[in-house]
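Engineer: I am attaching a structure below and will ask some questions about it afterwards.
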Amino acid sequence: MDVHSDSSSCYNRKVLKPLNSSVVEAANTAQPTCSNYAERKNWMDKYIEAGGAWECVCPKGQKPKDPKPPCPLCGKAHLIVKVINDIGNPVEGTTVNVDTIGGSFTTAEGLADYGQVEPGTYSITGEKERTSSGPGDPGGLATDSVTVHPDETKLAVLKLCSKCLYWNENHRTDYNGPDSKFLTSTQISSVNVAFRLEANLADGNITITSIFRWGTVASDVTNAEKADTIKKFKAQVASWGNKFNMKIIDPICGEKTLPVRFRLIWSPEDTSTTAPFQVNLYKTYPRAGVTGWNIDIGYDSDVTPDSSWVLAHEYGHSLCLQDEYFYSGVSSATVTYKKADGTSDVISLEPSSGNIMYTHANTTYLKRFYYFTAIEAQELLCNESGRSVTCEIVN
Ligand SMILES: [Zn+2]
């Protein structure tokens with residue numbers, strides 16, 4: 001960001017010693033004569049342009065016997081911060097903060113006048129929140145460090161950059177579409193899935209939220225068993241979380257590594273949003289499974305045994321994940337896990353060691369099960385930033 005002192009606001013300038021000879025030479029070349037005020041002013045302008053050090057001096061217009069007025073700044077400095085947008089127009093209502101001095105808001109002229117300050121070096125930040133998304137919005141961030149000398153009036157100019165505002169905001173997208181965006185299996189055809197992805201760059205996490213509701217509940221299932229099923233389902237969904245992280249890289253704003261979390265909410269108890277998935281609960285069910293938008297489970301057969309392992313496994317299907325065991329009559333199959341960078345992991349079934357999408361009661365959560373979150377987050381953040389942001393699942 002540019003911070004420069006506006007030397008034209010001070011007409012009593014003198015060079016600071018020791019002189020930098022190459023800077024003086026540059027000024028001499030640009031303005032060889034110094035026979036009047038305009039030429040002297042121009043020489044000083046050229047000297048400052050070339051990077052020469054200078055200071056403001058107190059006016060000396062008095063005759064020797066006149067009472068001496070106090071020097072306007074008395075050894076102090078005058079600091080004014082000006083905030084402009086990327087096309088140079090002043091920005092009103094920017095929150096300016098000058099380290100050790102405090103906060104202020106800019107006027108319609110883009111100015112925050114701090115008055116007299118102690119000479120020294122200050123770090124300055126300016127921030128204006130966006131009021132809308134998209135180009136042309138006046139929001140942005142700027143930071144810089146400025147040094148003010150004794151008796152100097154310093155105009156520090158902060159140019160707002162809007163490119164990284166999104167980097168400290170929360171974002172979300174609702175996915176409802178084919179699982180083939182994320183993976184394919186040679187032993188089963190594509191189905192639709194739904195989940196919400198929040199890229200909470202302000203709060204520091206990636207959160208996948210699913211919404212389920214009751215479908216058919218068998219008459220011999222008690223209310224207590226229903227309540228217990230919801231409680232255990234939520235716990236099993238949460239167990240998918242905090243196993244892996246997502247590394248997000250923005251070419252301008254930097255890098256963040258955030259935990260990936262999972263959350264189940266129930267409709268309509270927890271949310272007024274409608275849920276595409278419905279849970280059909282029976283006392284016992286011969287083979288739990290997800291078929292379309294139906295999740296069929298039995299309380300005695302799936303919720304109670306093996307610490308509700310089946311709920312964690314079926315939840316995986318609702319996200320897009322496929323079984324890694326052979327279906328009846330199949331002896332050769334692959335599951336292709338797509339990654340956000342455009343490559344894929346092709347897994348030949350059945351893999352050599354167990355995992356939650358393969359082996360009953362196994363609670364091994366593999367990195368490939370999380371690739372879909374990076375695909376969706378990368379698409380969301382590319383849209384939000386307008387740049388090639390990359391997302392990757394890391395340990
Ligand atoms: Zn399964």
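Residue numbering restarts at 1 for every chain of the structure tokens, chains are lettered A, B, ... in their displayed order, and ligands are numbered from 1 as they appear.
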Tell me which protein, DNA and RNA residues are within 10 Å of Met246 (chain A), counting only C-alpha atoms, leaving out same-chain ones fewer than 2 positions away, and put them as a short mmCIF file (atom, residue, chain, number, x, y, z; two decimals) with C-alpha atoms, in the first residue's frame.
Structural biologist:
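around.cif, freshly written:
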data_model
loop_
_atom_site.label_atom_id
_atom_site.label_comp_id
_atom_site.auth_asym_id
_atom_site.auth_seq_id
_atom_site.Cartn_x
_atom_site.Cartn_y
_atom_site.Cartn_z
CA ALA A 199 -16.25 -22.28 4.49
CA ASN A 205 -13.52 -24.09 10.25
CA ILE A 206 -15.07 -25.97 7.35
CA PHE A 244 -8.55 -34.06 8.58
CA ILE A 248 -6.74 -23.24 1.49
CA ILE A 249 -4.36 -21.15 -0.58
CA LYS A 256 -5.21 -21.13 6.00
CA THR A 257 -5.52 -24.68 7.30
CA LEU A 258 -8.91 -25.32 8.89
CA PRO A 259 -10.48 -28.38 10.53
CA VAL A 260 -13.28 -30.12 8.61
CA TYR A 370 -12.99 -35.98 2.55
CA TYR A 371 -11.92 -35.00 -0.99
CA THR A 373 -15.37 -31.20 0.71
CA ALA A 374 -12.30 -29.68 -0.94
CA ALA A 377 -15.05 -25.48 -0.98
CA THR A 390 -7.01 -24.00 -4.12
CA CYS A 391 -8.31 -26.36 -1.45
CA GLU A 392 -6.67 -29.60 -0.41
CA ILE A 393 -7.34 -32.16 2.33
CA VAL A 394 -4.31 -32.52 4.60
CA ASN A 395 -3.62 -34.34 7.85
#
Engineer: Could the residues of region 188-235 of chain A that have an atom at most 8 Å from region 148-172 of chain A be listed as CSV, each with its closest atom pair and the distance in Å to one decimal, counting only C-alpha atoms and ordered by chain and ascending residue number?
Structural biologist:
residue,atom,partner,partner_atom,distance
A:Arg196,CA,A:Arg172,CA,7.1
A:Leu197,CA,A:Arg172,CA,5.5
A:Glu198,CA,A:Arg172,CA,4.1
A:Ala199,CA,A:His171,CA,5.1
A:Asn200,CA,A:Asn170,CA,4.1
A:Leu201,CA,A:Asn170,CA,5.2
A:Ala202,CA,A:Asn168,CA,4.5
A:Asp203,CA,A:Asn170,CA,7.0
Engineer: Pull C-alpha atoms from the residues just selected and write them as a PDB file, in the first residue's frame.
Structural biologist:
ATOM      1  CA  ARG A 196     -24.465 -27.709   3.064  1.00  0.00           C
ATOM      2  CA  LEU A 197     -20.827 -26.627   3.039  1.00  0.00           C
ATOM      3  CA  GLU A 198     -19.713 -23.677   5.094  1.00  0.00           C
ATOM      4  CA  ALA A 199     -16.247 -22.284   4.495  1.00  0.00           C
ATOM      5  CA  ASN A 200     -16.049 -20.296   7.695  1.00  0.00           C
ATOM      6  CA  LEU A 201     -12.918 -18.274   7.022  1.00  0.00           C
ATOM      7  CA  ALA A 202     -13.828 -15.870   9.833  1.00  0.00           C
ATOM      8  CA  ASP A 203     -14.662 -18.542  12.391  1.00  0.00           C
TER       9      ASP A 203
END
Engineer: For Gly215 (chain A), find every residue with an atom within 12 Å (counting only C-alpha atoms), except residues of its own chain fewer than 2 positions away, and show them as a PyMOL selection string.
Structural biologist: chain A and resi 212-213+217-218+226+266-267+275-282+293-297
Engineer: Hey, what's within 6 Å of region 300-312 of chain A if we count only C-alpha atoms and toss same-chain stuff fewer than 6 positions away? As an mmCIF file with C-alpha atoms, in the first residue's frame, please?
Structural biologist:
data_model
loop_
_atom_site.group_PDB
_atom_site.id
_atom_site.type_symbol
_atom_site.label_atom_id
_atom_site.label_comp_id
_atom_site.auth_asym_id
_atom_site.auth_seq_id
_atom_site.Cartn_x
_atom_site.Cartn_y
_atom_site.Cartn_z
ATOM 1 C CA PHE A 233 -27.179 -40.098 14.654
ATOM 2 C CA GLN A 236 -22.055 -40.442 14.688
ATOM 3 C CA VAL A 237 -22.148 -37.570 12.186
ATOM 4 C CA LYS A 283 -37.836 -51.807 15.166
ATOM 5 C CA THR A 284 -35.543 -54.032 13.127
ATOM 6 C CA ALA A 361 -17.801 -51.741 12.983
#
Engineer: Between chain A and ligand 1, at 9 Å or less, what are the per-residue closest atom pairs and their distances in Å? Count only C-alpha atoms and all ligand atoms, order by chain and rising residue number, and return it as a Markdown table.
Structural biologist:
| residue | atom | partner | partner_atom_place_in_ligand_line | distance |
| --- | --- | --- | --- | --- |
| A:Ala288 | CA | ligand 1 | 1 (Zn) | 8.0 |
| A:Gly289 | CA | ligand 1 | 1 (Zn) | 6.2 |
| A:Val290 | CA | ligand 1 | 1 (Zn) | 7.6 |
| A:Val310 | CA | ligand 1 | 1 (Zn) | 8.4 |
| A:His313 | CA | ligand 1 | 1 (Zn) | 6.2 |
| A:Glu314 | CA | ligand 1 | 1 (Zn) | 5.9 |
| A:Gly316 | CA | ligand 1 | 1 (Zn) | 8.0 |
| A:His317 | CA | ligand 1 | 1 (Zn) | 6.6 |
| A:Leu321 | CA | ligand 1 | 1 (Zn) | 8.6 |
| A:Gln322 | CA | ligand 1 | 1 (Zn) | 6.7 |
| A:Asp323 | CA | ligand 1 | 1 (Zn) | 4.9 |
| A:Glu324 | CA | ligand 1 | 1 (Zn) | 8.2 |
| A:Tyr325 | CA | ligand 1 | 1 (Zn) | 8.5 |
| A:Met357 | CA | ligand 1 | 1 (Zn) | 6.3 |
| A:Tyr358 | CA | ligand 1 | 1 (Zn) | 7.6 |
Engineer: Name the residues of region 122-362 of chain A that fall into strand (DSSP E or B) according to DSSP on the backbone, using the chain letters and numbers of this document, as a ChimeraX atom specification.
Structural biologist: /A:122-128,140-148,153-159,161,170-178,183-185,188,192-200,205-217,245-250,254-267,277-282,289-291,294-298,333-338,344-349
Engineer: Skip Thr125 (chain A) itself and residues of its chain fewer than 2 positions away, then list as JSON, numbers by chain all residues within 6 Å of it, counting only C-alpha atoms.
Structural biologist: {"A": [96, 97, 142, 143]}
Engineer: Using only C-alpha atoms, which protein or nucleic acid residues come within 9 Å of Val24 (chain A)? Drop anything in the same chain fewer than 3 positions from it, and give the result as a short mmCIF file (atom, residue, chain, number, x, y, z; two decimals) with N, CA and C atoms, in the first residue's frame.
Structural biologist:
data_model
loop_
_atom_site.label_atom_id
_atom_site.label_comp_id
_atom_site.auth_asym_id
_atom_site.auth_seq_id
_atom_site.Cartn_x
_atom_site.Cartn_y
_atom_site.Cartn_z
N LEU A 19 23.41 14.97 3.55
CA LEU A 19 22.85 14.98 2.21
C LEU A 19 23.17 13.69 1.48
N ASN A 20 22.20 13.24 0.72
CA ASN A 20 22.43 12.10 -0.17
C ASN A 20 22.81 12.70 -1.53
N SER A 21 24.08 12.56 -1.91
CA SER A 21 24.59 13.29 -3.07
C SER A 21 23.89 12.91 -4.37
N ALA A 27 18.03 16.26 -8.29
CA ALA A 27 17.26 17.50 -8.19
C ALA A 27 17.94 18.62 -8.98
N ASN A 28 19.27 18.68 -8.91
CA ASN A 28 20.02 19.71 -9.65
C ASN A 28 19.84 19.55 -11.15
N THR A 29 19.78 18.29 -11.60
CA THR A 29 19.60 18.04 -13.03
C THR A 29 18.22 18.49 -13.47
N LYS A 46 11.53 18.15 -6.71
CA LYS A 46 12.32 17.12 -7.41
C LYS A 46 13.18 16.33 -6.43
N TYR A 47 13.72 17.05 -5.45
CA TYR A 47 14.55 16.41 -4.42
C TYR A 47 13.72 15.37 -3.64
N ALA A 50 12.84 12.36 -5.68
CA ALA A 50 13.96 11.45 -5.85
C ALA A 50 14.26 10.67 -4.56
N GLY A 52 14.68 12.17 -1.41
CA GLY A 52 15.47 12.91 -0.43
C GLY A 52 14.73 13.10 0.89
#
Engineer: Grab the CA of Thr184 (chain A) to CA of Thr336 (chain A) distance for me, in Å with one decimal place.
Structural biologist: 5.3 Å
Engineer: Could you please determine the separation between CA of Gly75 (chain A) and CA of Thr147 (chain A) in Å, to one decimal place?
Structural biologist: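 It comes out at 14.4 Å.
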Engineer: In Å, rounded to a single decimal, give me how far CA of Lys247 (chain A) is from CA of Asp341 (chain A).
Structural biologist: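 Separation of CA of Asp341 (chain A) and CA of Lys247 (chain A): 12.3 Å.
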Engineer: Write out as a compact mmCIF listing (two decimals) with C-alpha atoms, in the first residue's frame each polymer residue whose atoms come within 8 Å of Asp250 (chain A), counting only C-alpha atoms; drop sequence neighbours fewer than 6 positions from it.
Structural biologist:
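Dumped everything to around21.txt:
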# COMPACT_ATOMS: atom_id res chain seq x y z
CA ARG A 387 -9.41 -16.00 -8.29
CA SER A 388 -7.86 -19.46 -8.47
CA VAL A 389 -8.08 -20.41 -4.82
CA THR A 390 -7.01 -24.00 -4.12
Engineer: Could you write out, as a PyMOL selection string, all the residues of region 50-268 of chain A that DSSP marks as helix (DSSP H, G or I)?
Structural biologist: chain A and resi 166-168+179-181+223-238
Engineer: Find, counting only C-alpha atoms, the residue in A:Thr274, A:Ser185, A:Asn89, A:Asn355 that gets nearest to Ala108 (chain A).
Structural biologist: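 Nearest to Ala108 (chain A): A:Asn89.
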Engineer: Tell me which of A:Ile211, A:Ile252, A:Ile375, A:Leu183 sits closest to Thr271 (chain A), counting only C-alpha atoms.
Structural biologist: A:Ile211
